[in-house]
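Asker: Got a structure here, written out as structure tokens. Questions coming.
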Amino acid sequence: MYDKKDLDVFGLDESFTRQELEYQYSLMLKKAKADPSYDISRASEAYNKILGIKEPEEISPKEQKKRDRKMKLAENLIFFIAGGIVVLILAIAIPSAIMKKSIDLHICISGQFTVDDSEIIKQNIRPEVKPRKTSVEFIYASFGTGDDSASYSIQALSLSLLAGDYDLMITDLPVYGFLTANPQDILILELSDYLDELGLKESDERLVKSYGGIYGIKVLSSQALDGIYTNQGYYYLSMPNRADDIENALEAIKRIINN
């Protein structure tokens, strides 16, 4: 808190304005700059007190050394914590990346199905490939029931397709209808360019056409689908827009439609 003596340094009284204070102090600073022998310390002290500016704390060399040591320890601690976080991230990410890379076909089975054993399904669809190279995920989905299960099915499928990396979809008709419901945003690939590779002609009755394109293949039965049971009739095969391993998905489709 300043007092009258501080104001006297600048020739001011209690009715002073900050502008007046700044002006008087600037004159003293100019004088000190022009005359090195002029002592500005008292004016600086009074100026800081009047404006309520806290004077810098005087720290002994011993105390400064102690503070420097604490700062160094804090910096080291932050460094080690950051390093630990990086190691943890790598420990999680690298095995996941290796595992993901080792899988070259991701299959999603969705609809009103009963699935016996995913390992059997892997063997049926890809008998020459090690089971660990294939992943199978089952999402039960029920549409057209008019209850909460239909709403849940839509949410579950939408989230799975958004977050998943499926290459092949095996669905019933209601789920296939969901995948192709919006002509502006069909969730599966158009298959016309893959017909030759699949050994199919456009006239094949198994091809499912929508909006002028071919998006699915319907299969009434297949030994490759043993272990997947439905009362919905046909199985519908398709490939999601985000499919990465199209080549392996096509090979799996060929085995399903030819067995």
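Lettering and numbering for the structure tokens are positional, with chains as A, B, ... in the shown order, residues counted from 1 in each chain, and ligands counted from 1 in the shown order.
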Please list as a ChimeraX atom specification every residue within 12 Å of region 177-192 of chain A, counting only C-alpha atoms and excluding residues in the same chain fewer than 4 positions away.
Answerer: /A:110-111,141-144,150-151,153-155,157-158,160-162,166-173,196-204,207-217,236-244,246,249-250,253
Asker: Write out as a PDB file with all heavy atoms, in the first residue's frame the set of residues from region 6-212 of chain A that DSSP, computed on the backbone, places in strand (DSSP E or B).
Answerer:
ATOM      1  N   LEU A 105      -8.827 -61.507 -43.803  1.00  0.00           N
ATOM      2  CA  LEU A 105     -10.238 -61.498 -44.191  1.00  0.00           C
ATOM      3  C   LEU A 105     -11.099 -61.328 -42.944  1.00  0.00           C
ATOM      4  O   LEU A 105     -11.054 -62.148 -42.028  1.00  0.00           O
ATOM      5  CB  LEU A 105     -10.627 -62.792 -44.912  1.00  0.00           C
ATOM      6  CG  LEU A 105     -12.092 -62.850 -45.382  1.00  0.00           C
ATOM      7  CD1 LEU A 105     -12.372 -61.756 -46.407  1.00  0.00           C
ATOM      8  CD2 LEU A 105     -12.444 -64.215 -45.957  1.00  0.00           C
ATOM      9  N   HIS A 106     -11.867 -60.238 -42.927  1.00  0.00           N
ATOM     10  CA  HIS A 106     -12.769 -59.958 -41.811  1.00  0.00           C
ATOM     11  C   HIS A 106     -14.203 -60.188 -42.287  1.00  0.00           C
ATOM     12  O   HIS A 106     -14.670 -59.511 -43.203  1.00  0.00           O
ATOM     13  CB  HIS A 106     -12.609 -58.514 -41.334  1.00  0.00           C
ATOM     14  CG  HIS A 106     -11.234 -58.198 -40.831  1.00  0.00           C
ATOM     15  ND1 HIS A 106     -10.915 -58.186 -39.500  1.00  0.00           N
ATOM     16  CD2 HIS A 106     -10.090 -57.891 -41.490  1.00  0.00           C
ATOM     17  CE1 HIS A 106      -9.637 -57.875 -39.353  1.00  0.00           C
ATOM     18  NE2 HIS A 106      -9.114 -57.692 -40.549  1.00  0.00           N
ATOM     19  N   ILE A 107     -14.879 -61.134 -41.655  1.00  0.00           N
ATOM     20  CA  ILE A 107     -16.240 -61.494 -42.054  1.00  0.00           C
ATOM     21  C   ILE A 107     -17.226 -61.041 -40.982  1.00  0.00           C
ATOM     22  O   ILE A 107     -16.998 -61.252 -39.791  1.00  0.00           O
ATOM     23  CB  ILE A 107     -16.372 -63.021 -42.252  1.00  0.00           C
ATOM     24  CG1 ILE A 107     -15.395 -63.504 -43.325  1.00  0.00           C
ATOM     25  CG2 ILE A 107     -17.806 -63.395 -42.631  1.00  0.00           C
ATOM     26  CD1 ILE A 107     -15.339 -65.017 -43.464  1.00  0.00           C
ATOM     27  N   CYS A 108     -18.314 -60.421 -41.419  1.00  0.00           N
ATOM     28  CA  CYS A 108     -19.397 -60.044 -40.504  1.00  0.00           C
ATOM     29  C   CYS A 108     -20.652 -60.820 -40.895  1.00  0.00           C
ATOM     30  O   CYS A 108     -21.094 -60.763 -42.044  1.00  0.00           O
ATOM     31  CB  CYS A 108     -19.667 -58.543 -40.569  1.00  0.00           C
ATOM     32  SG  CYS A 108     -21.052 -58.020 -39.520  1.00  0.00           S
ATOM     33  N   ILE A 109     -21.204 -61.565 -39.946  1.00  0.00           N
ATOM     34  CA  ILE A 109     -22.451 -62.299 -40.152  1.00  0.00           C
ATOM     35  C   ILE A 109     -23.530 -61.569 -39.367  1.00  0.00           C
ATOM     36  O   ILE A 109     -23.423 -61.412 -38.151  1.00  0.00           O
ATOM     37  CB  ILE A 109     -22.328 -63.755 -39.655  1.00  0.00           C
ATOM     38  CG1 ILE A 109     -21.168 -64.455 -40.370  1.00  0.00           C
ATOM     39  CG2 ILE A 109     -23.630 -64.510 -39.870  1.00  0.00           C
ATOM     40  CD1 ILE A 109     -20.827 -65.811 -39.787  1.00  0.00           C
ATOM     41  N   SER A 110     -24.551 -61.078 -40.058  1.00  0.00           N
ATOM     42  CA  SER A 110     -25.552 -60.264 -39.370  1.00  0.00           C
ATOM     43  C   SER A 110     -26.957 -60.588 -39.864  1.00  0.00           C
ATOM     44  O   SER A 110     -27.204 -60.683 -41.063  1.00  0.00           O
ATOM     45  CB  SER A 110     -25.257 -58.770 -39.584  1.00  0.00           C
ATOM     46  OG  SER A 110     -26.166 -57.981 -38.866  1.00  0.00           O
ATOM     47  N   GLY A 111     -27.867 -60.737 -38.914  1.00  0.00           N
ATOM     48  CA  GLY A 111     -29.257 -61.032 -39.233  1.00  0.00           C
ATOM     49  C   GLY A 111     -29.854 -61.919 -38.156  1.00  0.00           C
ATOM     50  O   GLY A 111     -29.304 -62.059 -37.068  1.00  0.00           O
ATOM     51  N   PHE A 113     -29.780 -64.986 -37.404  1.00  0.00           N
ATOM     52  CA  PHE A 113     -29.051 -66.236 -37.602  1.00  0.00           C
ATOM     53  C   PHE A 113     -28.772 -66.907 -36.264  1.00  0.00           C
ATOM     54  O   PHE A 113     -28.710 -66.256 -35.215  1.00  0.00           O
ATOM     55  CB  PHE A 113     -27.699 -65.979 -38.289  1.00  0.00           C
ATOM     56  CG  PHE A 113     -27.799 -65.525 -39.717  1.00  0.00           C
ATOM     57  CD1 PHE A 113     -27.202 -64.344 -40.119  1.00  0.00           C
ATOM     58  CD2 PHE A 113     -28.469 -66.280 -40.664  1.00  0.00           C
ATOM     59  CE1 PHE A 113     -27.269 -63.918 -41.438  1.00  0.00           C
ATOM     60  CE2 PHE A 113     -28.547 -65.862 -41.983  1.00  0.00           C
ATOM     61  CZ  PHE A 113     -27.951 -64.681 -42.369  1.00  0.00           C
ATOM     62  N   THR A 114     -28.562 -68.196 -36.352  1.00  0.00           N
ATOM     63  CA  THR A 114     -27.976 -68.946 -35.249  1.00  0.00           C
ATOM     64  C   THR A 114     -26.632 -69.458 -35.746  1.00  0.00           C
ATOM     65  O   THR A 114     -26.560 -70.097 -36.798  1.00  0.00           O
ATOM     66  CB  THR A 114     -28.862 -70.135 -34.833  1.00  0.00           C
ATOM     67  OG1 THR A 114     -30.138 -69.640 -34.434  1.00  0.00           O
ATOM     68  CG2 THR A 114     -28.232 -70.886 -33.670  1.00  0.00           C
ATOM     69  N   VAL A 115     -25.588 -69.144 -35.010  1.00  0.00           N
ATOM     70  CA  VAL A 115     -24.238 -69.511 -35.439  1.00  0.00           C
ATOM     71  C   VAL A 115     -23.669 -70.524 -34.454  1.00  0.00           C
ATOM     72  O   VAL A 115     -23.628 -70.276 -33.247  1.00  0.00           O
ATOM     73  CB  VAL A 115     -23.325 -68.268 -35.512  1.00  0.00           C
ATOM     74  CG1 VAL A 115     -21.918 -68.672 -35.925  1.00  0.00           C
ATOM     75  CG2 VAL A 115     -23.897 -67.254 -36.493  1.00  0.00           C
ATOM     76  N   THR A 134      -8.363 -65.444 -40.461  1.00  0.00           N
ATOM     77  CA  THR A 134      -9.743 -65.015 -40.711  1.00  0.00           C
ATOM     78  C   THR A 134     -10.407 -64.632 -39.395  1.00  0.00           C
ATOM     79  O   THR A 134     -10.243 -65.313 -38.386  1.00  0.00           O
ATOM     80  CB  THR A 134     -10.558 -66.152 -41.359  1.00  0.00           C
ATOM     81  OG1 THR A 134      -9.854 -66.644 -42.501  1.00  0.00           O
ATOM     82  CG2 THR A 134     -11.937 -65.662 -41.785  1.00  0.00           C
ATOM     83  N   SER A 135     -11.131 -63.525 -39.404  1.00  0.00           N
ATOM     84  CA  SER A 135     -11.923 -63.155 -38.226  1.00  0.00           C
ATOM     85  C   SER A 135     -13.401 -63.200 -38.598  1.00  0.00           C
ATOM     86  O   SER A 135     -13.783 -62.825 -39.706  1.00  0.00           O
ATOM     87  CB  SER A 135     -11.550 -61.755 -37.720  1.00  0.00           C
ATOM     88  OG  SER A 135     -12.037 -60.757 -38.592  1.00  0.00           O
ATOM     89  N   VAL A 136     -14.218 -63.682 -37.668  1.00  0.00           N
ATOM     90  CA  VAL A 136     -15.663 -63.764 -37.881  1.00  0.00           C
ATOM     91  C   VAL A 136     -16.356 -63.070 -36.722  1.00  0.00           C
ATOM     92  O   VAL A 136     -16.111 -63.391 -35.562  1.00  0.00           O
ATOM     93  CB  VAL A 136     -16.142 -65.232 -37.968  1.00  0.00           C
ATOM     94  CG1 VAL A 136     -17.664 -65.280 -38.053  1.00  0.00           C
ATOM     95  CG2 VAL A 136     -15.520 -65.922 -39.171  1.00  0.00           C
ATOM     96  N   GLU A 137     -17.207 -62.098 -37.046  1.00  0.00           N
ATOM     97  CA  GLU A 137     -17.980 -61.401 -36.016  1.00  0.00           C
ATOM     98  C   GLU A 137     -19.464 -61.563 -36.316  1.00  0.00           C
ATOM     99  O   GLU A 137     -19.895 -61.391 -37.458  1.00  0.00           O
ATOM    100  CB  GLU A 137     -17.622 -59.919 -35.970  1.00  0.00           C
ATOM    101  CG  GLU A 137     -18.365 -59.162 -34.875  1.00  0.00           C
ATOM    102  CD  GLU A 137     -17.894 -57.728 -34.714  1.00  0.00           C
ATOM    103  OE1 GLU A 137     -16.844 -57.386 -35.289  1.00  0.00           O
ATOM    104  OE2 GLU A 137     -18.580 -56.957 -34.024  1.00  0.00           O
ATOM    105  N   PHE A 138     -20.227 -61.905 -35.293  1.00  0.00           N
ATOM    106  CA  PHE A 138     -21.665 -62.107 -35.455  1.00  0.00           C
ATOM    107  C   PHE A 138     -22.426 -60.970 -34.781  1.00  0.00           C
ATOM    108  O   PHE A 138     -22.195 -60.665 -33.611  1.00  0.00           O
ATOM    109  CB  PHE A 138     -22.086 -63.448 -34.852  1.00  0.00           C
ATOM    110  CG  PHE A 138     -23.576 -63.657 -34.842  1.00  0.00           C
ATOM    111  CD1 PHE A 138     -24.289 -63.682 -36.026  1.00  0.00           C
ATOM    112  CD2 PHE A 138     -24.258 -63.811 -33.651  1.00  0.00           C
ATOM    113  CE1 PHE A 138     -25.664 -63.862 -36.024  1.00  0.00           C
ATOM    114  CE2 PHE A 138     -25.631 -63.994 -33.633  1.00  0.00           C
ATOM    115  CZ  PHE A 138     -26.338 -64.020 -34.829  1.00  0.00           C
ATOM    116  N   ILE A 139     -23.321 -60.332 -35.535  1.00  0.00           N
ATOM    117  CA  ILE A 139     -24.175 -59.271 -34.990  1.00  0.00           C
ATOM    118  C   ILE A 139     -25.625 -59.674 -35.224  1.00  0.00           C
ATOM    119  O   ILE A 139     -26.096 -59.686 -36.370  1.00  0.00           O
ATOM    120  CB  ILE A 139     -23.899 -57.912 -35.669  1.00  0.00           C
ATOM    121  CG1 ILE A 139     -22.432 -57.516 -35.524  1.00  0.00           C
ATOM    122  CG2 ILE A 139     -24.800 -56.831 -35.081  1.00  0.00           C
ATOM    123  CD1 ILE A 139     -22.054 -56.282 -36.313  1.00  0.00           C
ATOM    124  N   TYR A 140     -26.312 -60.028 -34.158  1.00  0.00           N
ATOM    125  CA  TYR A 140     -27.720 -60.387 -34.309  1.00  0.00           C
ATOM    126  C   TYR A 140     -28.517 -59.118 -34.603  1.00  0.00           C
ATOM    127  O   TYR A 140     -28.395 -58.113 -33.903  1.00  0.00           O
ATOM    128  CB  TYR A 140     -28.259 -61.056 -33.047  1.00  0.00           C
ATOM    129  CG  TYR A 140     -29.697 -61.515 -33.204  1.00  0.00           C
ATOM    130  CD1 TYR A 140     -29.986 -62.734 -33.800  1.00  0.00           C
ATOM    131  CD2 TYR A 140     -30.747 -60.710 -32.794  1.00  0.00           C
ATOM    132  CE1 TYR A 140     -31.297 -63.150 -33.976  1.00  0.00           C
ATOM    133  CE2 TYR A 140     -32.065 -61.114 -32.966  1.00  0.00           C
ATOM    134  CZ  TYR A 140     -32.333 -62.332 -33.559  1.00  0.00           C
ATOM    135  OH  TYR A 140     -33.633 -62.734 -33.743  1.00  0.00           O
ATOM    136  N   LEU A 168     -16.262 -58.915 -45.890  1.00  0.00           N
ATOM    137  CA  LEU A 168     -17.357 -59.720 -46.427  1.00  0.00           C
ATOM    138  C   LEU A 168     -18.527 -59.694 -45.453  1.00  0.00           C
ATOM    139  O   LEU A 168     -18.343 -59.902 -44.258  1.00  0.00           O
ATOM    140  CB  LEU A 168     -16.890 -61.168 -46.648  1.00  0.00           C
ATOM    141  CG  LEU A 168     -17.954 -62.191 -47.058  1.00  0.00           C
ATOM    142  CD1 LEU A 168     -18.575 -61.816 -48.398  1.00  0.00           C
ATOM    143  CD2 LEU A 168     -17.355 -63.597 -47.114  1.00  0.00           C
ATOM    144  N   MET A 169     -19.719 -59.423 -45.984  1.00  0.00           N
ATOM    145  CA  MET A 169     -20.938 -59.452 -45.177  1.00  0.00           C
ATOM    146  C   MET A 169     -21.768 -60.660 -45.597  1.00  0.00           C
ATOM    147  O   MET A 169     -22.001 -60.890 -46.790  1.00  0.00           O
ATOM    148  CB  MET A 169     -21.763 -58.180 -45.392  1.00  0.00           C
ATOM    149  CG  MET A 169     -21.080 -56.883 -45.007  1.00  0.00           C
ATOM    150  SD  MET A 169     -20.943 -56.636 -43.230  1.00  0.00           S
ATOM    151  CE  MET A 169     -22.662 -56.458 -42.753  1.00  0.00           C
ATOM    152  N   ILE A 170     -22.212 -61.434 -44.615  1.00  0.00           N
ATOM    153  CA  ILE A 170     -23.162 -62.525 -44.841  1.00  0.00           C
ATOM    154  C   ILE A 170     -24.403 -62.166 -44.035  1.00  0.00           C
ATOM    155  O   ILE A 170     -24.362 -62.142 -42.802  1.00  0.00           O
ATOM    156  CB  ILE A 170     -22.591 -63.881 -44.386  1.00  0.00           C
ATOM    157  CG1 ILE A 170     -21.278 -64.179 -45.127  1.00  0.00           C
ATOM    158  CG2 ILE A 170     -23.605 -64.993 -44.612  1.00  0.00           C
ATOM    159  CD1 ILE A 170     -20.557 -65.421 -44.628  1.00  0.00           C
ATOM    160  N   THR A 171     -25.500 -61.849 -44.716  1.00  0.00           N
ATOM    161  CA  THR A 171     -26.676 -61.322 -44.023  1.00  0.00           C
ATOM    162  C   THR A 171     -27.948 -62.017 -44.495  1.00  0.00           C
ATOM    163  O   THR A 171     -27.946 -62.768 -45.479  1.00  0.00           O
ATOM    164  CB  THR A 171     -26.823 -59.811 -44.282  1.00  0.00           C
ATOM    165  OG1 THR A 171     -27.212 -59.600 -45.652  1.00  0.00           O
ATOM    166  CG2 THR A 171     -25.519 -59.073 -44.025  1.00  0.00           C
ATOM    167  N   ILE A 188     -22.645 -50.804 -49.219  1.00  0.00           N
ATOM    168  CA  ILE A 188     -21.862 -51.912 -49.768  1.00  0.00           C
ATOM    169  C   ILE A 188     -21.434 -51.599 -51.201  1.00  0.00           C
ATOM    170  O   ILE A 188     -21.998 -50.726 -51.859  1.00  0.00           O
ATOM    171  CB  ILE A 188     -22.660 -53.235 -49.717  1.00  0.00           C
ATOM    172  CG1 ILE A 188     -24.066 -53.039 -50.294  1.00  0.00           C
ATOM    173  CG2 ILE A 188     -22.722 -53.766 -48.301  1.00  0.00           C
ATOM    174  CD1 ILE A 188     -24.926 -54.284 -50.278  1.00  0.00           C
ATOM    175  N   LEU A 207     -27.841 -62.899 -58.607  1.00  0.00           N
ATOM    176  CA  LEU A 207     -27.414 -61.513 -58.424  1.00  0.00           C
ATOM    177  C   LEU A 207     -28.593 -60.659 -57.961  1.00  0.00           C
ATOM    178  O   LEU A 207     -29.700 -60.772 -58.483  1.00  0.00           O
ATOM    179  CB  LEU A 207     -26.845 -60.954 -59.725  1.00  0.00           C
ATOM    180  CG  LEU A 207     -25.605 -61.672 -60.278  1.00  0.00           C
ATOM    181  CD1 LEU A 207     -25.169 -61.032 -61.583  1.00  0.00           C
ATOM    182  CD2 LEU A 207     -24.470 -61.653 -59.264  1.00  0.00           C
ATOM    183  N   VAL A 208     -28.327 -59.807 -56.986  1.00  0.00           N
ATOM    184  CA  VAL A 208     -29.368 -58.933 -56.435  1.00  0.00           C
ATOM    185  C   VAL A 208     -29.111 -57.521 -56.949  1.00  0.00           C
ATOM    186  O   VAL A 208     -28.068 -56.926 -56.658  1.00  0.00           O
ATOM    187  CB  VAL A 208     -29.349 -58.947 -54.894  1.00  0.00           C
ATOM    188  CG1 VAL A 208     -30.524 -58.134 -54.351  1.00  0.00           C
ATOM    189  CG2 VAL A 208     -29.402 -60.374 -54.369  1.00  0.00           C
ATOM    190  N   LYS A 209     -30.072 -57.004 -57.701  1.00  0.00           N
ATOM    191  CA  LYS A 209     -29.902 -55.696 -58.332  1.00  0.00           C
ATOM    192  C   LYS A 209     -30.748 -54.643 -57.621  1.00  0.00           C
ATOM    193  O   LYS A 209     -31.902 -54.888 -57.280  1.00  0.00           O
ATOM    194  CB  LYS A 209     -30.280 -55.783 -59.810  1.00  0.00           C
ATOM    195  CG  LYS A 209     -29.427 -56.794 -60.581  1.00  0.00           C
ATOM    196  CD  LYS A 209     -29.840 -56.908 -62.032  1.00  0.00           C
ATOM    197  CE  LYS A 209     -28.977 -57.941 -62.763  1.00  0.00           C
ATOM    198  NZ  LYS A 209     -29.349 -58.088 -64.189  1.00  0.00           N
ATOM    199  N   SER A 210     -30.133 -53.489 -57.427  1.00  0.00           N
ATOM    200  CA  SER A 210     -30.827 -52.365 -56.785  1.00  0.00           C
ATOM    201  C   SER A 210     -30.354 -51.071 -57.426  1.00  0.00           C
ATOM    202  O   SER A 210     -29.147 -50.899 -57.666  1.00  0.00           O
ATOM    203  CB  SER A 210     -30.525 -52.319 -55.280  1.00  0.00           C
ATOM    204  OG  SER A 210     -30.821 -53.546 -54.654  1.00  0.00           O
TER     205      SER A 210
END
Asker: Please provide as an MDAnalysis selection string all residues within 10 Å of Leu51 (chain A), with the sequence filter that same-chain residues fewer than 6 positions apart are discarded (counting only C-alpha atoms).
Answerer: chainID A and resid 1:2 18 21
Asker: Could you dump the residues just selected with N, CA and C atoms as a compact mmCIF listing (two decimals), in the first residue's frame?
Answerer:
# COMPACT_ATOMS: atom_id res chain seq x y z
N MET A 1 0.85 -1.19 0.00
CA MET A 1 0.00 0.00 0.00
C MET A 1 0.89 1.24 0.00
N TYR A 2 0.59 2.18 -0.89
CA TYR A 2 1.42 3.38 -0.97
C TYR A 2 0.96 4.41 0.07
N ARG A 18 -3.85 8.16 -13.24
CA ARG A 18 -2.78 7.26 -13.69
C ARG A 18 -1.97 7.90 -14.81
N LEU A 21 0.59 10.06 -13.29
CA LEU A 21 1.67 9.25 -12.71
C LEU A 21 2.60 8.72 -13.79
Asker: As an exercise, work out the distance from CA of Tyr25 (chain A) to CA of Tyr47 (chain A) in Å and give it to one decimal place.
Answerer: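 Distance between the two atoms: 7.4 Å.
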Asker: Just want the 12 Å neighbourhood of Val129 (chain A), counted on only C-alpha atoms, with same-chain residues fewer than 2 positions away dropped. Output as a list in words.
Answerer: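 The neighbour list is Ser102, Ile103, Asp104, Leu105, Glu119, Lys122, Gln123, Asn124, Ile125, Arg126, Pro127, Pro131, Arg132, Lys133, Thr134, Ser135, Asn248, Glu251 and Ala252 of chain A.
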Asker: Export N, CA, C and O atoms of the chosen residues as a compact mmCIF listing (two decimals), in the first residue's frame?
Answerer:
# COMPACT_ATOMS: atom_id res chain seq x y z
N SER A 102 -2.00 -59.73 -39.57
CA SER A 102 -2.00 -61.17 -39.76
C SER A 102 -3.35 -61.67 -40.25
O SER A 102 -3.45 -62.73 -40.85
N ILE A 103 -4.43 -60.91 -39.98
CA ILE A 103 -5.76 -61.28 -40.45
C ILE A 103 -5.97 -60.67 -41.83
O ILE A 103 -5.85 -59.47 -42.01
N ASP A 104 -6.29 -61.51 -42.82
CA ASP A 104 -6.46 -60.96 -44.16
C ASP A 104 -7.90 -61.08 -44.67
O ASP A 104 -8.17 -60.79 -45.83
N LEU A 105 -8.83 -61.51 -43.80
CA LEU A 105 -10.24 -61.50 -44.19
C LEU A 105 -11.10 -61.33 -42.94
O LEU A 105 -11.05 -62.15 -42.03
N GLU A 119 -15.13 -70.99 -35.57
CA GLU A 119 -13.96 -71.70 -36.08
C GLU A 119 -14.35 -72.66 -37.20
O GLU A 119 -13.61 -72.82 -38.18
N LYS A 122 -14.93 -70.56 -40.30
CA LYS A 122 -13.65 -70.21 -40.94
C LYS A 122 -13.14 -71.37 -41.79
O LYS A 122 -12.69 -71.18 -42.92
N GLN A 123 -13.21 -72.57 -41.23
CA GLN A 123 -12.71 -73.74 -41.93
C GLN A 123 -13.54 -74.04 -43.17
O GLN A 123 -13.01 -74.43 -44.21
N ASN A 124 -14.86 -73.84 -43.06
CA ASN A 124 -15.74 -74.11 -44.21
C ASN A 124 -15.50 -73.13 -45.35
O ASN A 124 -15.49 -73.52 -46.52
N ILE A 125 -15.33 -71.86 -45.00
CA ILE A 125 -15.20 -70.84 -46.03
C ILE A 125 -13.78 -70.78 -46.60
O ILE A 125 -13.59 -70.53 -47.79
N ARG A 126 -12.78 -71.06 -45.74
CA ARG A 126 -11.38 -70.98 -46.20
C ARG A 126 -10.62 -72.21 -45.71
O ARG A 126 -9.76 -72.12 -44.83
N PRO A 127 -10.90 -73.36 -46.28
CA PRO A 127 -10.29 -74.60 -45.78
C PRO A 127 -8.77 -74.67 -45.94
O PRO A 127 -8.10 -75.35 -45.18
N PRO A 131 -6.87 -70.74 -39.61
CA PRO A 131 -7.99 -70.03 -38.98
C PRO A 131 -7.63 -68.64 -38.46
O PRO A 131 -8.46 -67.73 -38.49
N ARG A 132 -6.40 -68.48 -37.98
CA ARG A 132 -6.02 -67.18 -37.41
C ARG A 132 -5.97 -66.08 -38.46
O ARG A 132 -5.91 -64.90 -38.12
N LYS A 133 -5.99 -66.45 -39.74
CA LYS A 133 -5.96 -65.45 -40.81
C LYS A 133 -7.34 -64.87 -41.09
O LYS A 133 -7.48 -63.95 -41.89
N THR A 134 -8.36 -65.44 -40.46
CA THR A 134 -9.74 -65.02 -40.71
C THR A 134 -10.41 -64.63 -39.40
O THR A 134 -10.24 -65.31 -38.39
N SER A 135 -11.13 -63.53 -39.40
CA SER A 135 -11.92 -63.16 -38.23
C SER A 135 -13.40 -63.20 -38.60
O SER A 135 -13.78 -62.83 -39.71
N ASN A 248 -9.39 -61.42 -51.14
CA ASN A 248 -9.74 -62.56 -50.30
C ASN A 248 -11.25 -62.69 -50.12
O ASN A 248 -11.78 -63.79 -50.00
N GLU A 251 -12.54 -64.45 -53.15
CA GLU A 251 -12.23 -65.88 -53.08
C GLU A 251 -13.22 -66.60 -52.16
O GLU A 251 -13.67 -67.71 -52.45
N ALA A 252 -13.55 -65.94 -51.04
CA ALA A 252 -14.51 -66.54 -50.11
C ALA A 252 -15.90 -66.64 -50.74
O ALA A 252 -16.60 -67.64 -50.59
